[in-house]
Amino acid sequence: MTNAPASSPLFESASLGPLTLPNRLVMAPMTRNRATADGVPRPLMATYYAQRASAGLIVAEASTPNAVGQTYANITAIHTDAHVAGWRRVTDAVRAGGGRMFLQLQHGGRVGHPDNSGHVPVAPSPVALPEGIHTPAGHQEAVTPRELTAGEIRETVADFAAAARRAVDAGFEGVEVHAANGYLLHQFLAKNTNRRTDAYGGPVENRVRFVVEVVRAVVDAIGADRVGLRIAPGLTVNGIEEGDTDDLYAALVPALAALGPAYLHVVFADPEQPLFRRIRAQWPGTLIANPVLGFGGPLPADGGKGAGERLLAAGADLISLGRPFLANPDLVERLRTGAPVNPLREEGLMYTGGAEGYTDYPTLARSSARPLATV
């Protein structure tokens, strides 16, 4: 083990609304399919998140605000009393470990399947997901989603607000609205998935409307200092093609900033990218940046520390890391001391439903008793 100075800004405390974070490292939301079939967090998940309570903030994995919004099998939800009770076990365990949690709210939109949710997916327009989707029966061709009516859009906005209230009841400090990665809110933003001709389609001012309405409703439901949102400018995952990324976010970011939420979370942020710098200039509050760490490849040897420090220097306030936290329950201590990080194990283990590849990654203390996990 090499000793590294603890003077990095990553380990300074920071404020987020009424919260004081002990460091600037955020555990990013990562879906890992460990819930029950009806979306209730299992006890294993309380163990997993409590193991990682040293993060300055944990943003728990995507949870659906209604049944039709379910994406994949065994993902979490937050629209019934059972969901609240399951998540309460998780937040209690994390709080006992000294941690703080937000819950990400995600509606899949066209990223869904009747075999996963029991419903035909809904979306801004009837444009099917091009690459198909995983279901309990295996990988299947995606079904064409049903276009949301104006009334259903209002109901969906209300579902997000109700889910936010349930999240607070479940013990979360706040929620993160997911407007990234090709899910429903991102589908409203993108030209190729939003072909509407009403007030929610066409020019960017219309295409940002649904996202702004959702965030406004959530802010009204639980208070602005409990609300964050996630965006992914230019990201093409799940078949998304925004078409006019610069103009889109030039309209969206100020409209969201006017609502006063606690933070904006930018996926795959690049400090050299002009758009990132413009977003930083437009956003007056806390900015969480998620660095590019070689998507799909091995973790960097430093666990993302260098990339995080570069983003802080470029104006980010907090740094979110995903896979490094998955493989390293004590990531904060490893980065602080310069200890080597655990490599990720076989990717399929991320979604298998058990403890392997989930709660069995060793900490530094356990590493002295048994070898580190290997690829």
# chains A, B, ... in the order shown; residues from 1 in each chain; ligands from 1

$ residues_around --residues "A:Pro9" --least-positions-apart "6" --cutoff "12 Å" --atoms "only C-alpha atoms" --output "number ranges by chain"
A: 22-25, 305-306, 308-313, 315-319, 335-336

$ write_last_selection --atoms "C-alpha atoms" --output "mmCIF file, in the first residue's frame"
data_model
loop_
_atom_site.group_PDB
_atom_site.id
_atom_site.type_symbol
_atom_site.label_atom_id
_atom_site.label_comp_id
_atom_site.auth_asym_id
_atom_site.auth_seq_id
_atom_site.Cartn_x
_atom_site.Cartn_y
_atom_site.Cartn_z
ATOM 1 C CA PRO A 22 -18.062 14.544 5.061
ATOM 2 C CA ASN A 23 -16.436 14.309 1.609
ATOM 3 C CA ARG A 24 -17.193 15.205 -2.010
ATOM 4 C CA LEU A 25 -17.556 11.620 -3.261
ATOM 5 C CA LYS A 305 -9.446 9.860 -8.116
ATOM 6 C CA GLY A 306 -7.534 11.763 -10.784
ATOM 7 C CA GLY A 308 -12.569 13.450 -10.056
ATOM 8 C CA GLU A 309 -9.938 15.991 -9.085
ATOM 9 C CA ARG A 310 -9.813 17.327 -12.654
ATOM 10 C CA LEU A 311 -13.566 17.869 -12.617
ATOM 11 C CA LEU A 312 -13.406 19.653 -9.267
ATOM 12 C CA ALA A 313 -10.737 21.918 -10.715
ATOM 13 C CA GLY A 315 -15.854 23.782 -11.357
ATOM 14 C CA ALA A 316 -17.739 20.683 -10.207
ATOM 15 C CA ASP A 317 -18.715 20.617 -6.532
ATOM 16 C CA LEU A 318 -19.164 16.868 -6.011
ATOM 17 C CA ILE A 319 -17.946 13.806 -7.917
ATOM 18 C CA LEU A 335 -8.690 6.776 -2.415
ATOM 19 C CA ARG A 336 -7.703 8.716 0.691
#

$ residues_around --residues "A:His178" --least-positions-apart "3" --cutoff "8 Å" --atoms "only C-alpha atoms" --output "JSON, numbers by chain"
{"A": [62, 104, 105, 106, 107, 183, 185, 229, 230, 231]}

$ write_last_selection --atoms "N, CA and C atoms" --output "mmCIF file, in the first residue's frame"
data_model
loop_
_atom_site.group_PDB
_atom_site.id
_atom_site.type_symbol
_atom_site.label_atom_id
_atom_site.label_comp_id
_atom_site.auth_asym_id
_atom_site.auth_seq_id
_atom_site.Cartn_x
_atom_site.Cartn_y
_atom_site.Cartn_z
ATOM 1 N N ALA A 62 -32.184 3.448 -9.445
ATOM 2 C CA ALA A 62 -33.429 3.923 -10.033
ATOM 3 C C ALA A 62 -34.629 3.144 -9.522
ATOM 4 N N GLN A 104 -33.050 7.792 -6.571
ATOM 5 C CA GLN A 104 -33.299 8.199 -7.948
ATOM 6 C C GLN A 104 -34.681 7.718 -8.397
ATOM 7 N N LEU A 105 -35.451 8.615 -9.003
ATOM 8 C CA LEU A 105 -36.760 8.291 -9.545
ATOM 9 C C LEU A 105 -36.643 8.173 -11.067
ATOM 10 N N GLN A 106 -37.005 7.004 -11.580
ATOM 11 C CA GLN A 106 -36.838 6.744 -13.014
ATOM 12 C C GLN A 106 -38.073 6.066 -13.591
ATOM 13 N N HIS A 107 -38.608 6.648 -14.626
ATOM 14 C CA HIS A 107 -39.662 6.024 -15.434
ATOM 15 C C HIS A 107 -39.007 5.578 -16.732
ATOM 16 N N TYR A 183 -34.166 7.174 -20.802
ATOM 17 C CA TYR A 183 -35.439 6.796 -20.199
ATOM 18 C C TYR A 183 -36.490 7.880 -20.481
ATOM 19 N N LEU A 185 -37.941 10.688 -19.411
ATOM 20 C CA LEU A 185 -37.726 12.136 -19.478
ATOM 21 C C LEU A 185 -36.752 12.484 -20.600
ATOM 22 N N LEU A 229 -31.465 16.437 -9.972
ATOM 23 C CA LEU A 229 -31.837 15.816 -11.234
ATOM 24 C C LEU A 229 -30.595 15.459 -12.020
ATOM 25 N N ARG A 230 -30.751 14.447 -12.842
ATOM 26 C CA ARG A 230 -29.623 13.915 -13.601
ATOM 27 C C ARG A 230 -29.870 14.103 -15.092
ATOM 28 N N ILE A 231 -28.842 14.581 -15.802
ATOM 29 C CA ILE A 231 -28.918 14.765 -17.245
ATOM 30 C C ILE A 231 -27.705 14.108 -17.891
#

$ atom_distance --atom1 "atom CA of A:Leu252" --atom2 "atom CA of A:Leu184"
15.6 Å

$ residues_around --residues "A:Asp220" --least-positions-apart "3" --cutoff "12 Å" --atoms "only C-alpha atoms" --output "number ranges by chain"
A: 157-158, 160-162, 164-165, 213-217, 223-227, 259-261

$ write_last_selection --atoms "N, CA, C and O atoms" --output "tab-separated table (two decimals), in the first residue's frame"
chain	number	residue	atom	x	y	z
A	157	VAL	N	-46.76	13.09	-14.14
A	157	VAL	CA	-46.16	14.14	-13.31
A	157	VAL	C	-46.59	13.97	-11.86
A	157	VAL	O	-45.77	14.03	-10.93
A	158	ALA	N	-47.87	13.71	-11.64
A	158	ALA	CA	-48.38	13.50	-10.29
A	158	ALA	C	-47.77	12.26	-9.65
A	158	ALA	O	-47.50	12.24	-8.43
A	160	PHE	N	-44.73	11.13	-10.14
A	160	PHE	CA	-43.39	11.50	-9.68
A	160	PHE	C	-43.47	12.24	-8.34
A	160	PHE	O	-42.67	11.98	-7.43
A	161	ALA	N	-44.40	13.14	-8.20
A	161	ALA	CA	-44.54	13.88	-6.94
A	161	ALA	C	-44.91	12.94	-5.80
A	161	ALA	O	-44.36	13.04	-4.69
A	162	ALA	N	-45.83	12.01	-6.06
A	162	ALA	CA	-46.22	11.06	-5.02
A	162	ALA	C	-45.05	10.15	-4.64
A	162	ALA	O	-44.85	9.83	-3.46
A	164	ALA	N	-41.92	10.95	-4.76
A	164	ALA	CA	-40.99	11.74	-3.96
A	164	ALA	C	-41.44	11.79	-2.50
A	164	ALA	O	-40.62	11.67	-1.57
A	165	ARG	N	-42.73	11.98	-2.29
A	165	ARG	CA	-43.24	11.98	-0.91
A	165	ARG	C	-43.02	10.63	-0.25
A	165	ARG	O	-42.65	10.55	0.94
A	213	GLU	N	-41.87	20.27	-15.81
A	213	GLU	CA	-43.09	20.04	-15.04
A	213	GLU	C	-42.89	18.97	-13.97
A	213	GLU	O	-43.39	19.09	-12.84
A	214	VAL	N	-42.16	17.91	-14.30
A	214	VAL	CA	-41.88	16.87	-13.30
A	214	VAL	C	-41.07	17.44	-12.15
A	214	VAL	O	-41.39	17.24	-10.97
A	215	VAL	N	-40.00	18.15	-12.47
A	215	VAL	CA	-39.15	18.69	-11.41
A	215	VAL	C	-39.93	19.70	-10.56
A	215	VAL	O	-39.82	19.71	-9.32
A	216	ARG	N	-40.73	20.54	-11.20
A	216	ARG	CA	-41.53	21.51	-10.44
A	216	ARG	C	-42.48	20.78	-9.47
A	216	ARG	O	-42.62	21.17	-8.30
A	217	ALA	N	-43.12	19.72	-9.94
A	217	ALA	CA	-44.06	18.99	-9.08
A	217	ALA	C	-43.34	18.33	-7.91
A	217	ALA	O	-43.85	18.32	-6.78
A	223	GLY	N	-39.99	19.99	-1.34
A	223	GLY	CA	-39.05	21.09	-1.11
A	223	GLY	C	-37.84	21.03	-2.01
A	223	GLY	O	-37.30	19.95	-2.26
A	224	ALA	N	-37.41	22.19	-2.49
A	224	ALA	CA	-36.33	22.24	-3.47
A	224	ALA	C	-35.03	21.67	-2.94
A	224	ALA	O	-34.26	21.05	-3.70
A	225	ASP	N	-34.75	21.85	-1.64
A	225	ASP	CA	-33.46	21.40	-1.12
A	225	ASP	C	-33.39	19.88	-0.97
A	225	ASP	O	-32.36	19.34	-0.60
A	226	ARG	N	-34.49	19.18	-1.30
A	226	ARG	CA	-34.49	17.72	-1.28
A	226	ARG	C	-34.48	17.13	-2.69
A	226	ARG	O	-34.64	15.91	-2.85
A	227	VAL	N	-34.29	17.96	-3.70
A	227	VAL	CA	-34.46	17.50	-5.09
A	227	VAL	C	-33.19	17.74	-5.90
A	227	VAL	O	-32.63	18.83	-5.90
A	259	LEU	N	-36.07	26.72	-10.69
A	259	LEU	CA	-36.85	25.99	-9.67
A	259	LEU	C	-36.07	25.80	-8.38
A	259	LEU	O	-36.64	25.37	-7.37
A	260	GLY	N	-34.76	26.04	-8.41
A	260	GLY	CA	-33.95	26.02	-7.21
A	260	GLY	C	-33.63	24.68	-6.60
A	260	GLY	O	-33.45	24.58	-5.37
A	261	PRO	N	-33.53	23.59	-7.39
A	261	PRO	CA	-33.24	22.30	-6.77
A	261	PRO	C	-31.84	22.24	-6.18
A	261	PRO	O	-30.98	23.08	-6.46

$ closest_atom_pairs --of "stretch 53-142 of chain A" --to "stretch 36-46 of chain A" --cutoff "8 Å" --atoms "only C-alpha atoms" --output "CSV"
residue,atom,partner,partner_atom,distance
A:Ala73,CA,A:Ala37,CA,6.6
A:Asn74,CA,A:Ala37,CA,4.8
A:Ile75,CA,A:Gly39,CA,5.5
A:Thr76,CA,A:Gly39,CA,4.1
A:Ala77,CA,A:Gly39,CA,4.9
A:Ile78,CA,A:Gly39,CA,7.9
A:Ala82,CA,A:Val40,CA,6.5
A:His83,CA,A:Val40,CA,4.9
A:Gly86,CA,A:Pro41,CA,5.0
A:Trp87,CA,A:Pro41,CA,6.0
A:Arg89,CA,A:Ala46,CA,6.4
A:Val90,CA,A:Ala46,CA,4.2
A:Thr91,CA,A:Ala46,CA,7.5
A:Ala93,CA,A:Ala46,CA,6.0
A:Val94,CA,A:Ala46,CA,7.4

$ atom_distance --atom1 "atom CA of A:Asp302" --atom2 "atom CA of A:Ala314"
19.2 Å

$ select_by_dssp --residues "stretch 185-347 of chain A" --states "strand (DSSP E)" --output "list in words"
Val227, Gly228, Leu229, Arg230, Ile231, Tyr263, Leu264, His265, Val266, Val267, Phe268, Ala269, Thr286, Leu287, Ile288, Ala289, Asn290, Pro291, Leu318, Ile319, Ser320 and Leu321 of chain A

$ residues_around --residues "stretch 120-125 of chain A" --least-positions-apart "4" --cutoff "7 Å" --atoms "only C-alpha atoms" --output "list in words"
Val68, Gly109, Arg110, Gly112, His113, Pro114, Pro145, Arg146, Glu147, Leu148, Leu184, Gln187, Phe188, Thr193, Asn194, Arg195 and Arg196 of chain A

$ residues_around --residues "A:Thr245" --least-positions-apart "5" --cutoff "10 Å" --atoms "only C-alpha atoms" --output "JSON, numbers by chain"
{"A": [189, 190, 191, 204, 232, 233, 234, 235, 250, 275]}

$ closest_residue --among "A:Pro271, A:Gly297, A:Gly118, A:Gly303" --to "A:Arg334" --atoms "only C-alpha atoms"
A:Gly303

$ select_by_dssp --residues "stretch 220-350 of chain A" --states "alpha helix (DSSP H)" --output "PyMOL selection string"
chain A and resi 220-222+245-257+274-282+305-313+323-327+331-337

$ atom_distance --atom1 "atom CA of A:Leu57" --atom2 "atom CA of A:Val219"
19.6 Å

$ closest_residue --among "A:Arg100, A:Thr359, A:Glu333, A:Pro126" --to "A:Pro18" --atoms "only C-alpha atoms"
A:Arg100

$ residues_around --residues "stretch 348-355 of chain A" --least-positions-apart "5" --cutoff "7 Å" --atoms "only C-alpha atoms" --output "list in words"
Arg32, Asn33, Arg34 and Asp360 of chain A

$ closest_residue --among "A:Thr47, A:Asn238, A:Thr156, A:Ser13" --to "A:Gly132" --atoms "only C-alpha atoms"
A:Asn238

$ closest_residue --among "A:Arg207, A:Arg88, A:His139, A:Arg95" --to "A:Ala170" --atoms "only C-alpha atoms"
A:Arg88

$ residues_around --residues "stretch 277-282 of chain A" --least-positions-apart "3" --cutoff "7 Å" --atoms "only C-alpha atoms" --output "list in words"
Val253, Pro254, Gln273, Pro274 and Gly315 of chain A

$ write_last_selection --atoms "C-alpha atoms" --output "mmCIF file, in the first residue's frame"
data_model
loop_
_atom_site.group_PDB
_atom_site.id
_atom_site.type_symbol
_atom_site.label_atom_id
_atom_site.label_comp_id
_atom_site.auth_asym_id
_atom_site.auth_seq_id
_atom_site.Cartn_x
_atom_site.Cartn_y
_atom_site.Cartn_z
ATOM 1 C CA VAL A 253 -30.624 24.083 -17.603
ATOM 2 C CA PRO A 254 -31.816 27.670 -16.899
ATOM 3 C CA GLN A 273 -15.915 19.867 -23.275
ATOM 4 C CA PRO A 274 -17.368 23.342 -23.987
ATOM 5 C CA GLY A 315 -15.854 23.782 -11.357
#

$ closest_residue --among "A:Val111, A:Asn206, A:Gly56, A:Ala258" --to "A:His134" --atoms "only C-alpha atoms"
A:Val111

$ decode --residues "stretch 226-261 of chain A" --atoms "N, CA and C atoms" --output "PDB file, in the first residue's frame"
ATOM      1  N   ARG A 226     -34.490  19.183  -1.298  1.00  0.00           N
ATOM      2  CA  ARG A 226     -34.490  17.716  -1.278  1.00  0.00           C
ATOM      3  C   ARG A 226     -34.476  17.128  -2.688  1.00  0.00           C
ATOM      4  N   VAL A 227     -34.292  17.958  -3.703  1.00  0.00           N
ATOM      5  CA  VAL A 227     -34.458  17.503  -5.086  1.00  0.00           C
ATOM      6  C   VAL A 227     -33.190  17.737  -5.900  1.00  0.00           C
ATOM      7  N   GLY A 228     -32.766  16.705  -6.589  1.00  0.00           N
ATOM      8  CA  GLY A 228     -31.717  16.822  -7.592  1.00  0.00           C
ATOM      9  C   GLY A 228     -32.222  16.250  -8.900  1.00  0.00           C
ATOM     10  N   LEU A 229     -31.465  16.437  -9.972  1.00  0.00           N
ATOM     11  CA  LEU A 229     -31.837  15.816 -11.234  1.00  0.00           C
ATOM     12  C   LEU A 229     -30.595  15.459 -12.020  1.00  0.00           C
ATOM     13  N   ARG A 230     -30.751  14.447 -12.842  1.00  0.00           N
ATOM     14  CA  ARG A 230     -29.623  13.915 -13.601  1.00  0.00           C
ATOM     15  C   ARG A 230     -29.870  14.103 -15.092  1.00  0.00           C
ATOM     16  N   ILE A 231     -28.842  14.581 -15.802  1.00  0.00           N
ATOM     17  CA  ILE A 231     -28.918  14.765 -17.245  1.00  0.00           C
ATOM     18  C   ILE A 231     -27.705  14.108 -17.891  1.00  0.00           C
ATOM     19  N   ALA A 232     -27.838  13.828 -19.195  1.00  0.00           N
ATOM     20  CA  ALA A 232     -26.747  13.170 -19.926  1.00  0.00           C
ATOM     21  C   ALA A 232     -26.631  13.790 -21.305  1.00  0.00           C
ATOM     22  N   PRO A 233     -26.114  15.009 -21.399  1.00  0.00           N
ATOM     23  CA  PRO A 233     -26.043  15.683 -22.699  1.00  0.00           C
ATOM     24  C   PRO A 233     -25.249  14.885 -23.732  1.00  0.00           C
ATOM     25  N   GLY A 234     -25.887  14.626 -24.859  1.00  0.00           N
ATOM     26  CA  GLY A 234     -25.207  13.959 -25.960  1.00  0.00           C
ATOM     27  C   GLY A 234     -25.113  12.455 -25.848  1.00  0.00           C
ATOM     28  N   LEU A 235     -25.529  11.870 -24.747  1.00  0.00           N
ATOM     29  CA  LEU A 235     -25.407  10.426 -24.571  1.00  0.00           C
ATOM     30  C   LEU A 235     -26.416   9.717 -25.475  1.00  0.00           C
ATOM     31  N   THR A 236     -25.972   8.642 -26.147  1.00  0.00           N
ATOM     32  CA  THR A 236     -26.819   7.949 -27.118  1.00  0.00           C
ATOM     33  C   THR A 236     -27.283   6.581 -26.631  1.00  0.00           C
ATOM     34  N   VAL A 237     -27.118   6.286 -25.350  1.00  0.00           N
ATOM     35  CA  VAL A 237     -27.542   4.989 -24.816  1.00  0.00           C
ATOM     36  C   VAL A 237     -29.051   4.821 -24.980  1.00  0.00           C
ATOM     37  N   ASN A 238     -29.497   3.572 -25.107  1.00  0.00           N
ATOM     38  CA  ASN A 238     -30.914   3.248 -25.310  1.00  0.00           C
ATOM     39  C   ASN A 238     -31.493   3.924 -26.551  1.00  0.00           C
ATOM     40  N   GLY A 239     -30.640   4.064 -27.567  1.00  0.00           N
ATOM     41  CA  GLY A 239     -31.115   4.528 -28.862  1.00  0.00           C
ATOM     42  C   GLY A 239     -31.498   5.988 -28.942  1.00  0.00           C
ATOM     43  N   ILE A 240     -31.019   6.810 -28.012  1.00  0.00           N
ATOM     44  CA  ILE A 240     -31.369   8.231 -27.984  1.00  0.00           C
ATOM     45  C   ILE A 240     -30.485   9.031 -28.940  1.00  0.00           C
ATOM     46  N   GLU A 241     -31.111   9.924 -29.707  1.00  0.00           N
ATOM     47  CA  GLU A 241     -30.392  10.901 -30.533  1.00  0.00           C
ATOM     48  C   GLU A 241     -31.066  12.248 -30.307  1.00  0.00           C
ATOM     49  N   GLU A 242     -30.435  13.074 -29.507  1.00  0.00           N
ATOM     50  CA  GLU A 242     -31.058  14.355 -29.146  1.00  0.00           C
ATOM     51  C   GLU A 242     -31.251  15.264 -30.338  1.00  0.00           C
ATOM     52  N   GLY A 243     -30.253  15.295 -31.216  1.00  0.00           N
ATOM     53  CA  GLY A 243     -30.382  16.073 -32.447  1.00  0.00           C
ATOM     54  C   GLY A 243     -29.889  17.500 -32.359  1.00  0.00           C
ATOM     55  N   ASP A 244     -30.081  18.160 -31.234  1.00  0.00           N
ATOM     56  CA  ASP A 244     -29.676  19.562 -31.087  1.00  0.00           C
ATOM     57  C   ASP A 244     -29.228  19.797 -29.645  1.00  0.00           C
ATOM     58  N   THR A 245     -28.226  19.036 -29.245  1.00  0.00           N
ATOM     59  CA  THR A 245     -27.821  18.971 -27.840  1.00  0.00           C
ATOM     60  C   THR A 245     -27.511  20.345 -27.253  1.00  0.00           C
ATOM     61  N   ASP A 246     -26.738  21.151 -27.940  1.00  0.00           N
ATOM     62  CA  ASP A 246     -26.351  22.451 -27.382  1.00  0.00           C
ATOM     63  C   ASP A 246     -27.575  23.328 -27.122  1.00  0.00           C
ATOM     64  N   ASP A 247     -28.467  23.426 -28.094  1.00  0.00           N
ATOM     65  CA  ASP A 247     -29.666  24.259 -27.926  1.00  0.00           C
ATOM     66  C   ASP A 247     -30.586  23.670 -26.855  1.00  0.00           C
ATOM     67  N   LEU A 248     -30.667  22.350 -26.818  1.00  0.00           N
ATOM     68  CA  LEU A 248     -31.552  21.672 -25.873  1.00  0.00           C
ATOM     69  C   LEU A 248     -31.184  22.017 -24.436  1.00  0.00           C
ATOM     70  N   TYR A 249     -29.917  21.872 -24.103  1.00  0.00           N
ATOM     71  CA  TYR A 249     -29.508  22.111 -22.715  1.00  0.00           C
ATOM     72  C   TYR A 249     -29.363  23.595 -22.394  1.00  0.00           C
ATOM     73  N   ALA A 250     -29.183  24.415 -23.442  1.00  0.00           N
ATOM     74  CA  ALA A 250     -29.207  25.859 -23.219  1.00  0.00           C
ATOM     75  C   ALA A 250     -30.592  26.306 -22.763  1.00  0.00           C
ATOM     76  N   ALA A 251     -31.629  25.575 -23.183  1.00  0.00           N
ATOM     77  CA  ALA A 251     -32.994  25.884 -22.742  1.00  0.00           C
ATOM     78  C   ALA A 251     -33.334  25.185 -21.429  1.00  0.00           C
ATOM     79  N   LEU A 252     -32.906  23.939 -21.287  1.00  0.00           N
ATOM     80  CA  LEU A 252     -33.300  23.140 -20.129  1.00  0.00           C
ATOM     81  C   LEU A 252     -32.645  23.599 -18.836  1.00  0.00           C
ATOM     82  N   VAL A 253     -31.347  23.813 -18.852  1.00  0.00           N
ATOM     83  CA  VAL A 253     -30.624  24.083 -17.603  1.00  0.00           C
ATOM     84  C   VAL A 253     -31.132  25.350 -16.911  1.00  0.00           C
ATOM     85  N   PRO A 254     -31.278  26.491 -17.600  1.00  0.00           N
ATOM     86  CA  PRO A 254     -31.816  27.670 -16.899  1.00  0.00           C
ATOM     87  C   PRO A 254     -33.239  27.473 -16.397  1.00  0.00           C
ATOM     88  N   ALA A 255     -34.061  26.743 -17.160  1.00  0.00           N
ATOM     89  CA  ALA A 255     -35.437  26.505 -16.720  1.00  0.00           C
ATOM     90  C   ALA A 255     -35.466  25.689 -15.435  1.00  0.00           C
ATOM     91  N   LEU A 256     -34.564  24.732 -15.320  1.00  0.00           N
ATOM     92  CA  LEU A 256     -34.476  23.938 -14.104  1.00  0.00           C
ATOM     93  C   LEU A 256     -33.872  24.747 -12.963  1.00  0.00           C
ATOM     94  N   ALA A 257     -32.861  25.531 -13.274  1.00  0.00           N
ATOM     95  CA  ALA A 257     -32.204  26.341 -12.228  1.00  0.00           C
ATOM     96  C   ALA A 257     -33.201  27.277 -11.564  1.00  0.00           C
ATOM     97  N   ALA A 258     -34.177  27.770 -12.330  1.00  0.00           N
ATOM     98  CA  ALA A 258     -35.168  28.692 -11.777  1.00  0.00           C
ATOM     99  C   ALA A 258     -36.027  28.045 -10.701  1.00  0.00           C
ATOM    100  N   LEU A 259     -36.068  26.721 -10.686  1.00  0.00           N
ATOM    101  CA  LEU A 259     -36.846  25.994  -9.673  1.00  0.00           C
ATOM    102  C   LEU A 259     -36.068  25.798  -8.376  1.00  0.00           C
ATOM    103  N   GLY A 260     -34.764  26.043  -8.410  1.00  0.00           N
ATOM    104  CA  GLY A 260     -33.945  26.025  -7.206  1.00  0.00           C
ATOM    105  C   GLY A 260     -33.630  24.679  -6.597  1.00  0.00           C
ATOM    106  N   PRO A 261     -33.533  23.593  -7.389  1.00  0.00           N
ATOM    107  CA  PRO A 261     -33.236  22.297  -6.774  1.00  0.00           C
ATOM    108  C   PRO A 261     -31.837  22.238  -6.177  1.00  0.00           C
TER     109      PRO A 261
END
